[in-house]
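> model33.cif is reproduced in full below (mmCIF, C-alpha atoms).
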```
data_run
#
loop_
_atom_site.label_atom_id
_atom_site.label_comp_id
_atom_site.auth_asym_id
_atom_site.auth_seq_id
_atom_site.Cartn_x
_atom_site.Cartn_y
_atom_site.Cartn_z
CA MET Q 1 -160.63 -21.28 -0.03
CA ARG Q 2 -158.81 -23.49 2.49
CA GLU Q 3 -157.11 -22.12 5.56
CA ALA Q 4 -153.73 -23.79 6.02
CA GLU Q 5 -150.82 -23.86 8.40
CA VAL Q 6 -147.20 -24.79 7.89
CA ARG Q 7 -146.98 -28.42 8.95
CA ALA Q 8 -143.25 -28.89 8.29
CA VAL Q 9 -140.20 -27.68 6.43
CA LEU Q 10 -138.40 -30.69 4.99
CA VAL Q 11 -135.65 -31.54 2.57
CA ASP Q 12 -136.71 -33.51 -0.48
CA PRO Q 13 -134.47 -36.60 -0.30
CA ALA Q 14 -134.61 -36.91 -4.11
CA ASN Q 15 -132.77 -33.67 -4.83
CA GLY Q 16 -131.94 -31.95 -1.55
CA ALA Q 17 -134.41 -29.12 -2.24
CA PRO Q 18 -136.36 -27.71 0.71
CA VAL Q 19 -140.11 -28.21 0.64
CA ILE Q 20 -142.84 -26.81 2.86
CA LEU Q 21 -145.98 -28.76 3.66
CA LEU Q 22 -149.09 -26.60 4.04
CA GLN Q 23 -151.65 -28.53 6.02
CA ASP Q 24 -155.35 -27.94 5.35
CA ARG Q 25 -156.93 -27.11 8.71
CA HIS Q 26 -160.04 -29.17 7.95
CA SER Q 27 -158.68 -32.32 6.32
CA SER Q 28 -155.64 -34.56 6.37
CA LYS Q 29 -154.41 -33.23 3.05
CA VAL Q 30 -151.25 -31.21 2.59
CA LEU Q 31 -149.96 -29.03 -0.23
CA PRO Q 32 -146.21 -29.50 -0.80
CA ILE Q 33 -144.36 -26.50 -2.27
CA TRP Q 34 -140.70 -26.66 -3.17
CA ILE Q 35 -138.88 -23.45 -2.27
CA GLY Q 36 -135.40 -21.91 -2.20
CA GLN Q 37 -132.93 -22.48 0.60
CA PRO Q 38 -132.78 -18.92 2.02
CA GLU Q 39 -136.59 -18.78 2.23
CA ALA Q 40 -136.69 -22.24 3.84
CA ILE Q 41 -134.24 -21.09 6.51
CA SER Q 42 -136.32 -17.97 7.07
CA ILE Q 43 -139.55 -20.00 7.43
CA ALA Q 44 -137.88 -22.53 9.75
CA ALA Q 45 -136.52 -19.69 11.91
CA ALA Q 46 -140.02 -18.20 12.20
CA LEU Q 47 -141.55 -21.59 13.10
CA GLU Q 48 -138.91 -22.17 15.75
CA LYS Q 49 -139.17 -18.55 16.91
CA LYS Q 50 -135.42 -18.16 16.59
CA GLN Q 51 -134.22 -14.65 17.21
CA PHE Q 52 -131.29 -13.50 15.14
CA PRO Q 53 -128.95 -10.77 16.34
CA ARG Q 54 -129.67 -8.86 13.13
CA PRO Q 55 -132.95 -8.70 11.17
CA MET Q 56 -133.21 -11.19 8.31
CA SER Q 57 -134.84 -10.03 5.06
CA HIS Q 58 -138.37 -11.03 6.12
CA ASP Q 59 -137.92 -9.43 9.55
CA LEU Q 60 -137.01 -6.22 7.74
CA MET Q 61 -140.04 -6.64 5.48
CA LYS Q 62 -142.24 -6.82 8.57
CA ALA Q 63 -140.55 -3.76 10.14
CA LEU Q 64 -141.00 -1.74 6.91
CA LEU Q 65 -144.72 -2.58 6.81
CA GLU Q 66 -145.16 -1.61 10.47
CA ALA Q 67 -143.34 1.69 9.87
CA ALA Q 68 -145.57 2.36 6.86
CA GLY Q 69 -148.69 1.66 8.94
CA ALA Q 70 -149.68 -1.25 6.68
CA LYS Q 71 -150.97 -4.62 7.85
CA LEU Q 72 -150.78 -8.04 6.25
CA GLU Q 73 -154.41 -9.19 6.05
CA LYS Q 74 -153.80 -12.63 4.58
CA VAL Q 75 -151.88 -14.49 1.94
CA ILE Q 76 -153.40 -16.83 -0.60
CA ILE Q 77 -151.63 -19.54 -2.59
CA SER Q 78 -153.71 -18.45 -5.50
CA ASP Q 79 -152.56 -20.08 -8.68
CA LEU Q 80 -150.49 -22.78 -10.35
CA LYS Q 81 -149.14 -22.14 -13.84
CA ASP Q 82 -146.48 -24.15 -15.65
CA ASN Q 83 -145.60 -25.94 -12.41
CA THR Q 84 -145.03 -22.63 -10.59
CA PHE Q 85 -147.15 -21.72 -7.59
CA TYR Q 86 -148.23 -18.08 -7.34
CA ALA Q 87 -149.25 -16.29 -4.17
CA THR Q 88 -151.13 -13.07 -3.54
CA ILE Q 89 -150.48 -10.87 -0.51
CA TYR Q 90 -153.43 -8.80 0.73
CA LEU Q 91 -152.13 -5.63 2.37
CA ARG Q 92 -154.32 -3.20 4.30
CA THR Q 93 -152.69 0.21 3.94
CA ALA Q 94 -152.75 3.06 6.46
CA ASP Q 95 -155.76 4.63 4.68
CA GLY Q 96 -157.78 1.42 5.02
CA LYS Q 97 -157.56 0.23 1.41
CA VAL Q 98 -156.66 -3.36 0.59
CA LYS Q 99 -154.04 -3.91 -2.09
CA GLU Q 100 -153.17 -7.21 -3.78
CA ILE Q 101 -149.49 -7.93 -4.38
CA ASP Q 102 -148.06 -10.72 -6.48
CA ALA Q 103 -145.47 -12.79 -4.59
CA ARG Q 104 -143.78 -16.15 -4.35
CA PRO Q 105 -145.39 -18.59 -1.88
CA SER Q 106 -142.11 -18.81 0.05
CA ASP Q 107 -141.86 -15.05 0.73
CA SER Q 108 -145.59 -14.91 1.48
CA VAL Q 109 -145.43 -17.70 4.04
CA ALA Q 110 -142.22 -16.33 5.65
CA LEU Q 111 -143.96 -12.96 6.07
CA ALA Q 112 -147.33 -14.41 7.19
CA LEU Q 113 -145.64 -16.41 9.96
CA ARG Q 114 -143.96 -13.24 11.28
CA THR Q 115 -147.15 -11.18 11.23
CA ALA Q 116 -149.55 -13.93 12.36
CA ALA Q 117 -151.53 -13.45 9.14
CA PRO Q 118 -153.65 -16.38 7.94
CA ILE Q 119 -152.52 -18.49 4.98
CA TYR Q 120 -155.11 -19.73 2.49
CA ILE Q 121 -155.00 -22.02 -0.53
CA SER Q 122 -157.42 -21.44 -3.41
CA GLU Q 123 -159.79 -24.35 -4.08
CA GLU Q 124 -158.40 -24.67 -7.58
CA VAL Q 125 -154.80 -25.06 -6.41
CA PHE Q 126 -155.92 -27.34 -3.59
CA ASP Q 127 -157.85 -29.65 -5.92
CA GLN Q 128 -154.95 -29.80 -8.36
CA SER Q 129 -152.05 -30.30 -5.97
CA ALA Q 130 -152.98 -31.24 -2.41
CA ILE Q 131 -152.05 -34.78 -1.48
CA ASP Q 132 -152.81 -37.20 1.30
CA LEU Q 133 -149.75 -37.89 3.36
CA PRO Q 134 -148.47 -40.98 1.57
CA LEU Q 135 -148.15 -43.34 4.57
CA ASN Q 136 -150.45 -44.31 7.37
CA GLU Q 137 -150.65 -41.58 9.95
CA GLU Q 138 -148.25 -43.03 12.47
CA GLU Q 139 -145.60 -43.82 9.90
CA ALA Q 140 -146.14 -40.49 8.24
CA ILE Q 141 -145.62 -38.58 11.46
CA GLN Q 142 -142.52 -40.62 12.26
CA SER Q 143 -141.16 -40.06 8.79
CA LEU Q 144 -141.93 -36.36 8.99
CA ALA Q 145 -140.28 -36.19 12.40
CA ASP Q 146 -137.13 -37.83 11.02
CA GLU Q 147 -136.97 -35.48 8.08
CA GLN Q 148 -137.82 -32.55 10.31
CA ARG Q 149 -134.90 -33.44 12.59
CA GLU Q 150 -132.64 -33.75 9.58
CA PHE Q 151 -133.78 -30.36 8.34
CA GLU Q 152 -133.33 -28.82 11.76
CA GLU Q 153 -129.78 -30.09 11.88
CA PHE Q 154 -129.23 -28.61 8.47
CA VAL Q 155 -130.78 -25.32 9.57
CA ASP Q 156 -128.72 -25.30 12.74
CA LYS Q 157 -125.59 -25.57 10.64
CA GLU Q 158 -126.82 -22.76 8.40
CA LEU Q 159 -127.83 -20.69 11.39
CA ASP Q 160 -124.35 -21.07 12.82
CA LEU Q 161 -123.13 -19.81 9.51
CA ALA Q 162 -125.55 -16.88 9.78
CA GLU Q 163 -124.32 -16.26 13.29
CA PHE Q 164 -120.79 -16.21 11.95
CA LYS Q 165 -121.79 -13.89 9.13
CA ARG Q 166 -123.12 -11.46 11.70
CA TYR Q 167 -119.51 -10.63 12.46
CA ILE Q 168 -118.73 -9.80 8.89
CA ASP Q 169 -122.05 -8.42 7.66
CA MET O 170 -121.74 11.70 5.56
CA ARG O 171 -120.34 10.24 2.33
CA GLU O 172 -122.50 9.38 -0.63
CA ALA O 173 -121.47 6.04 -2.06
CA GLU O 174 -122.29 3.71 -4.91
CA VAL O 175 -121.85 -0.02 -5.32
CA ARG O 176 -118.57 -0.41 -7.16
CA ALA O 177 -118.54 -4.20 -7.33
CA VAL O 178 -119.84 -7.44 -5.88
CA LEU O 179 -116.90 -9.80 -5.48
CA VAL O 180 -116.02 -13.10 -3.89
CA ASP O 181 -113.38 -12.94 -1.17
CA PRO O 182 -110.77 -15.41 -2.45
CA ALA O 183 -109.72 -16.14 1.16
CA ASN O 184 -113.01 -17.73 2.19
CA GLY O 185 -115.42 -17.64 -0.75
CA ALA O 186 -117.66 -15.09 1.01
CA PRO O 187 -119.29 -12.40 -1.13
CA VAL O 188 -118.22 -8.83 -0.46
CA ILE O 189 -119.60 -5.55 -1.78
CA LEU O 190 -117.37 -2.54 -2.35
CA LEU O 191 -119.09 0.78 -1.65
CA GLN O 192 -117.19 3.50 -3.50
CA ASP O 193 -117.07 7.01 -2.02
CA ARG O 194 -118.28 9.37 -4.76
CA HIS O 195 -115.66 11.99 -3.88
CA SER O 196 -112.51 9.98 -3.24
CA SER O 197 -110.80 6.79 -4.36
CA LYS O 198 -111.66 5.03 -1.13
CA VAL O 199 -114.00 2.06 -0.85
CA LEU O 200 -115.79 0.44 2.05
CA PRO O 201 -115.78 -3.37 1.81
CA ILE O 202 -118.70 -5.15 3.51
CA TRP O 203 -118.92 -8.94 3.64
CA ILE O 204 -122.47 -10.15 3.11
CA GLY O 205 -124.50 -13.34 2.72
CA GLN O 206 -124.85 -15.21 -0.56
CA PRO O 207 -128.60 -14.65 -1.18
CA GLU O 208 -128.21 -10.90 -0.62
CA ALA O 209 -125.14 -10.82 -2.89
CA ILE O 210 -127.11 -12.49 -5.66
CA SER O 211 -129.94 -10.01 -5.13
CA ILE O 212 -127.56 -7.02 -5.31
CA ALA O 213 -125.80 -8.41 -8.38
CA ALA O 214 -129.16 -8.96 -10.09
CA ALA O 215 -130.14 -5.32 -9.40
CA LEU O 216 -126.80 -4.02 -10.69
CA GLU O 217 -127.12 -6.07 -13.86
CA LYS O 218 -130.83 -5.17 -14.14
CA LYS O 219 -131.69 -8.85 -14.46
CA GLN O 220 -135.41 -9.48 -14.52
CA PHE O 221 -136.58 -12.66 -12.86
CA PRO O 222 -139.80 -14.36 -13.88
CA ARG O 223 -140.95 -14.17 -10.23
CA PRO O 224 -140.23 -11.37 -7.70
CA MET O 225 -137.23 -12.01 -5.44
CA SER O 226 -137.50 -11.03 -1.76
CA HIS O 227 -136.19 -7.48 -2.33
CA ASP O 228 -138.47 -7.01 -5.35
CA LEU O 229 -141.38 -7.94 -3.10
CA MET O 230 -140.09 -5.52 -0.44
CA LYS O 231 -140.18 -2.74 -3.04
CA ALA O 232 -143.69 -3.72 -4.19
CA LEU O 233 -144.97 -3.76 -0.59
CA LEU O 234 -143.58 -0.26 0.03
CA GLU O 235 -145.14 1.06 -3.18
CA ALA O 236 -148.50 -0.47 -2.24
CA ALA O 237 -148.25 1.13 1.21
CA GLY O 238 -147.48 4.53 -0.36
CA ALA O 239 -144.09 4.68 1.38
CA LYS O 240 -140.84 5.83 -0.23
CA LEU O 241 -137.24 4.92 0.54
CA GLU O 242 -135.55 8.29 1.16
CA LYS O 243 -132.03 7.00 1.73
CA VAL O 244 -130.02 4.34 3.49
CA ILE O 245 -127.04 5.02 5.70
CA ILE O 246 -124.32 2.58 6.68
CA SER O 247 -124.49 4.08 10.11
CA ASP O 248 -122.48 2.10 12.58
CA LEU O 249 -119.86 -0.56 13.20
CA LYS O 250 -120.01 -2.56 16.42
CA ASP O 251 -118.10 -5.77 17.21
CA ASN O 252 -117.13 -6.09 13.55
CA THR O 253 -120.77 -5.89 12.43
CA PHE O 254 -121.91 -3.09 10.15
CA TYR O 255 -125.33 -1.59 10.90
CA ALA O 256 -127.50 0.29 8.45
CA THR O 257 -130.48 2.59 8.89
CA ILE O 258 -133.27 2.86 6.34
CA TYR O 259 -135.08 6.21 6.16
CA LEU O 260 -138.65 5.65 5.03
CA ARG O 261 -141.05 8.46 4.12
CA THR O 262 -144.54 7.16 4.89
CA ALA O 263 -147.77 8.08 3.09
CA ASP O 264 -148.50 10.79 5.70
CA GLY O 265 -145.13 12.48 5.07
CA LYS O 266 -143.34 11.35 8.23
CA VAL O 267 -139.84 9.92 8.07
CA LYS O 268 -139.21 6.73 10.03
CA GLU O 269 -135.81 5.16 10.77
CA ILE O 270 -135.56 1.38 10.50
CA ASP O 271 -132.67 -0.77 11.64
CA ALA O 272 -131.39 -3.09 8.89
CA ARG O 273 -128.43 -5.05 7.63
CA PRO O 274 -126.30 -3.23 5.03
CA SER O 275 -126.94 -6.02 2.52
CA ASP O 276 -130.74 -5.71 2.62
CA SER O 277 -130.46 -1.91 2.63
CA VAL O 278 -128.27 -1.81 -0.46
CA ALA O 279 -130.38 -4.42 -2.30
CA LEU O 280 -133.46 -2.28 -1.64
CA ALA O 281 -131.76 1.07 -2.39
CA LEU O 282 -130.61 -0.18 -5.80
CA ARG O 283 -134.18 -1.19 -6.70
CA THR O 284 -135.70 2.14 -5.61
CA ALA O 285 -132.87 4.42 -6.82
CA ALA O 286 -132.43 5.69 -3.26
CA PRO O 287 -129.05 7.18 -2.34
CA ILE O 288 -126.62 5.20 -0.17
CA TYR O 289 -124.55 7.04 2.44
CA ILE O 290 -121.77 6.03 4.81
CA SER O 291 -121.44 7.81 8.16
CA GLU O 292 -118.12 9.67 8.64
CA GLU O 293 -117.35 7.52 11.64
CA VAL O 294 -117.73 4.24 9.75
CA PHE O 295 -115.91 5.69 6.78
CA ASP O 296 -112.93 6.79 8.87
CA GLN O 297 -112.75 3.45 10.62
CA SER O 298 -113.14 1.09 7.68
CA ALA O 299 -112.77 2.68 4.25
CA ILE O 300 -109.64 1.60 2.42
CA ASP O 301 -107.71 2.68 -0.61
CA LEU O 302 -107.90 0.09 -3.32
CA PRO O 303 -104.74 -1.88 -2.53
CA LEU O 304 -103.09 -1.81 -5.97
CA ASN O 305 -102.34 0.94 -8.43
CA GLU O 306 -105.44 1.99 -10.25
CA GLU O 307 -104.87 0.06 -13.44
CA GLU O 308 -104.02 -3.17 -11.65
CA ALA O 309 -106.87 -2.65 -9.24
CA ILE O 310 -109.40 -2.23 -12.04
CA GLN O 311 -108.02 -5.28 -13.84
CA SER O 312 -108.13 -7.30 -10.65
CA LEU O 313 -111.66 -6.11 -9.90
CA ALA O 314 -112.70 -6.95 -13.44
CA ASP O 315 -111.32 -10.48 -13.08
CA GLU O 316 -113.07 -11.04 -9.79
CA GLN O 317 -116.23 -9.42 -11.12
CA ARG O 318 -116.23 -11.84 -14.03
CA GLU O 319 -115.69 -14.74 -11.67
CA PHE O 320 -118.57 -13.53 -9.53
CA GLU O 321 -120.81 -13.05 -12.54
CA GLU O 322 -120.11 -16.62 -13.62
CA PHE O 323 -120.99 -17.72 -10.12
CA VAL O 324 -124.16 -15.63 -10.18
CA ASP O 325 -125.10 -16.94 -13.61
CA LYS O 326 -124.90 -20.46 -12.25
CA GLU O 327 -127.03 -19.46 -9.27
CA LEU O 328 -129.45 -17.59 -11.49
CA ASP O 329 -129.88 -20.70 -13.61
CA LEU O 330 -130.67 -22.48 -10.39
CA ALA O 331 -133.19 -19.76 -9.55
CA GLU O 332 -134.65 -20.13 -13.01
CA PHE O 333 -134.98 -23.81 -12.36
CA LYS O 334 -136.53 -23.21 -8.96
CA ARG O 335 -139.18 -21.10 -10.65
CA TYR O 336 -140.71 -24.34 -11.84
CA ILE O 337 -140.94 -25.77 -8.39
CA ASP O 338 -141.53 -22.65 -6.29
#
```
Translate this file's structure into structure tokens.

Amino acid sequence: MREAEVRAVLVDPANGAPVILLQDRHSSKVLPIWIGQPEAISIAAALEKKQFPRPMSHDLMKALLEAAGAKLEKVIISDLKDNTFYATIYLRTADGKVKEIDARPSDSVALALRTAAPIYISEEVFDQSAIDLPLNEEEAIQSLADEQREFEEFVDKELDLAEFKRYID
Amino acid sequence: MREAEVRAVLVDPANGAPVILLQDRHSSKVLPIWIGQPEAISIAAALEKKQFPRPMSHDLMKALLEAAGAKLEKVIISDLKDNTFYATIYLRTADGKVKEIDARPSDSVALALRTAAPIYISEEVFDQSAIDLPLNEEEAIQSLADEQREFEEFVDKELDLAEFKRYID
């Protein structure tokens, strides 16, 4: 099992799809996972600690768990089948039991970031799909920074939209 | 308090924004609430009982509540401030207490539809914002049906996209 952190939320230049990079804490390898746009915005908002006037879906998820007395223990990117990543959420309930819940990696990461729960990658998934950042470190960081900026601009536009929607939602 | 059901998910022709119509069970009035696109797709999927290969955010929300032994008692569209609708989720926790959680109407309705929880509108919100369907009943139903079809086509496109994303998420 590898503990990981979200290194970046980027846009894949090939198809415009958002992708998160999960960085192994003990190596230079990252696991890229392509995700949906709403989840990418939610993850970016959590990383940037943006506060919305109204709770987003994952903020509500966190509030529901708190109200129910349940605690997110950890999430694991547990499996890869037919090119789909699977995640498992480990929830400690009010009576102290731990339940395992099947989830998408994107929802799991969005929720883990809000509850400060650790994110793990199973060895099997890591061995199959983790990659070295493709460039030398300096170039890679520059390239990531450029894409990160691009994504942040994109998110800012979307967040303005969300801000606008506040008035009609 | 008015019990309501989701009459339709439509696209506002003026600006392309999704809108849900909450129909009062005991009158011909509806409450229109403009919502975000991901939540509209989630509500439409619940109405059409579409099963996704992977849990969407509100499916996960339901699974988390079940695991925590908590039950959605009801949701109330409770308030309207500065043109923003507010909702309150009433959650019965495993120890029998009822907790009130602040939420957006869109998340509340998406979750209520999945858990068969009743949806209410406060009298104050209802008096302020419920409208009679603007046309005579036959025209209104025809018009709704047209827009509903348009929205379903839109959702089908999005759902195909979601289906596609399954392979990369």
> Carefully work through the PyMOL selection byres ((chain Q) within 8 of (chain O)) for this structure and note down the residues it includes, as an MDAnalysis selection string.
chainID Q and resid 33:36 38 54:58 60:61 63:65 67:70 82:85 91 93:94 99 101:107 162 165:169
> Go through Q:Glu150, Q:Ile76, Q:Glu66, Q:Ala46 and flag the residue nearest Q:Pro13, using all atoms listed in the file for the distances.
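Of all the options, Q:Glu150 lies closest to Q:Pro13.
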> At what distance in Å, to one decimal, does atom CA of O:Ile246 lie from atom CA of O:Arg318?
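Here the two named atoms are 26.5 Å from each other.
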> May I ask for the distance between atom CA of Q:Ile121 and atom CA of Q:Leu47, given in Å to one decimal place?
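Rounded to one decimal, the two atoms are 19.2 Å apart.
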> Report as a ChimeraX atom specification the residues that result from applying the PyMOL selection byres ((chain Q and resi 4) around 7) to the structure here.
/Q:2-3,5-6,22-25,119-121
> Tell me which of Q:Val125, Q:Arg114, Q:Glu48, Q:Arg7 sits closest to Q:Leu21, counting all atoms listed in the file.
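With all atoms listed in the file as the atom set, the closest residue is Q:Arg7.
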> What is the distance, in Å and to one decimal place, between atom CA of Q:Lys50 and atom CA of O:Ala256?
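Computing it gives 21.7 Å between the two atoms.
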> For the structure shown, which residues end up in the PyMOL selection byres ((chain O and resi 293) around 9)? Put them as an MDAnalysis selection string, please?
chainID O and resid 170 247:249 290:292 294:298
> Could the residues in this selection be written to a file with C-alpha atoms, as a PDB file, keeping the file's coordinate frame?

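selection.pdb written:
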```
ATOM      1  CA  MET O 170    -121.740  11.700   5.560  1.00  0.00           C
ATOM      2  CA  SER O 247    -124.490   4.080  10.110  1.00  0.00           C
ATOM      3  CA  ASP O 248    -122.480   2.100  12.580  1.00  0.00           C
ATOM      4  CA  LEU O 249    -119.860  -0.560  13.200  1.00  0.00           C
ATOM      5  CA  ILE O 290    -121.770   6.030   4.810  1.00  0.00           C
ATOM      6  CA  SER O 291    -121.440   7.810   8.160  1.00  0.00           C
ATOM      7  CA  GLU O 292    -118.120   9.670   8.640  1.00  0.00           C
ATOM      8  CA  VAL O 294    -117.730   4.240   9.750  1.00  0.00           C
ATOM      9  CA  PHE O 295    -115.910   5.690   6.780  1.00  0.00           C
ATOM     10  CA  ASP O 296    -112.930   6.790   8.870  1.00  0.00           C
ATOM     11  CA  GLN O 297    -112.750   3.450  10.620  1.00  0.00           C
ATOM     12  CA  SER O 298    -113.140   1.090   7.680  1.00  0.00           C
TER      13      SER O 298
END
```
> For stretch 205-219 of chain O, supply N, CA, C and O atoms and report the output as a CSV table (one decimal), keeping the file's coordinate frame.

```csv
chain,number,residue,atom,x,y,z
O,205,GLY,N,-124.1,-12.0,3.0
O,205,GLY,CA,-124.5,-13.3,2.7
O,205,GLY,C,-124.7,-13.6,1.2
O,205,GLY,O,-124.8,-12.6,0.4
O,206,GLN,N,-124.7,-14.9,0.9
O,206,GLN,CA,-124.8,-15.2,-0.6
O,206,GLN,C,-126.2,-14.8,-1.2
O,206,GLN,O,-126.2,-14.2,-2.3
O,207,PRO,N,-127.3,-15.0,-0.5
O,207,PRO,CA,-128.6,-14.6,-1.2
O,207,PRO,C,-128.7,-13.1,-1.4
O,207,PRO,O,-129.1,-12.7,-2.5
O,208,GLU,N,-128.2,-12.4,-0.5
O,208,GLU,CA,-128.2,-10.9,-0.6
O,208,GLU,C,-127.2,-10.5,-1.7
O,208,GLU,O,-127.5,-9.5,-2.5
O,209,ALA,N,-126.1,-11.1,-1.8
O,209,ALA,CA,-125.1,-10.8,-2.9
O,209,ALA,C,-125.7,-11.1,-4.3
O,209,ALA,O,-125.6,-10.3,-5.2
O,210,ILE,N,-126.5,-12.2,-4.4
O,210,ILE,CA,-127.1,-12.5,-5.7
O,210,ILE,C,-128.2,-11.4,-6.0
O,210,ILE,O,-128.3,-11.0,-7.1
O,211,SER,N,-128.9,-11.0,-4.9
O,211,SER,CA,-129.9,-10.0,-5.1
O,211,SER,C,-129.3,-8.7,-5.6
O,211,SER,O,-129.9,-8.0,-6.4
O,212,ILE,N,-128.2,-8.3,-5.0
O,212,ILE,CA,-127.6,-7.0,-5.3
O,212,ILE,C,-127.0,-7.1,-6.7
O,212,ILE,O,-127.1,-6.2,-7.5
O,213,ALA,N,-126.4,-8.2,-7.0
O,213,ALA,CA,-125.8,-8.4,-8.4
O,213,ALA,C,-126.9,-8.4,-9.4
O,213,ALA,O,-126.7,-7.7,-10.5
O,214,ALA,N,-128.0,-9.0,-9.1
O,214,ALA,CA,-129.2,-9.0,-10.1
O,214,ALA,C,-129.6,-7.5,-10.3
O,214,ALA,O,-129.9,-7.1,-11.5
O,215,ALA,N,-129.7,-6.7,-9.3
O,215,ALA,CA,-130.1,-5.3,-9.4
O,215,ALA,C,-129.1,-4.5,-10.2
O,215,ALA,O,-129.5,-3.7,-11.1
O,216,LEU,N,-127.8,-4.7,-10.0
O,216,LEU,CA,-126.8,-4.0,-10.7
O,216,LEU,C,-126.8,-4.4,-12.2
O,216,LEU,O,-126.7,-3.5,-13.0
O,217,GLU,N,-127.1,-5.6,-12.5
O,217,GLU,CA,-127.1,-6.1,-13.9
O,217,GLU,C,-128.5,-5.9,-14.5
O,217,GLU,O,-128.7,-6.3,-15.6
O,218,LYS,N,-129.4,-5.3,-13.7
O,218,LYS,CA,-130.8,-5.2,-14.1
O,218,LYS,C,-131.4,-6.5,-14.7
O,218,LYS,O,-132.1,-6.5,-15.7
O,219,LYS,N,-131.1,-7.6,-14.1
O,219,LYS,CA,-131.7,-8.8,-14.5
O,219,LYS,C,-133.1,-8.9,-14.0
O,219,LYS,O,-133.5,-8.6,-12.9
```
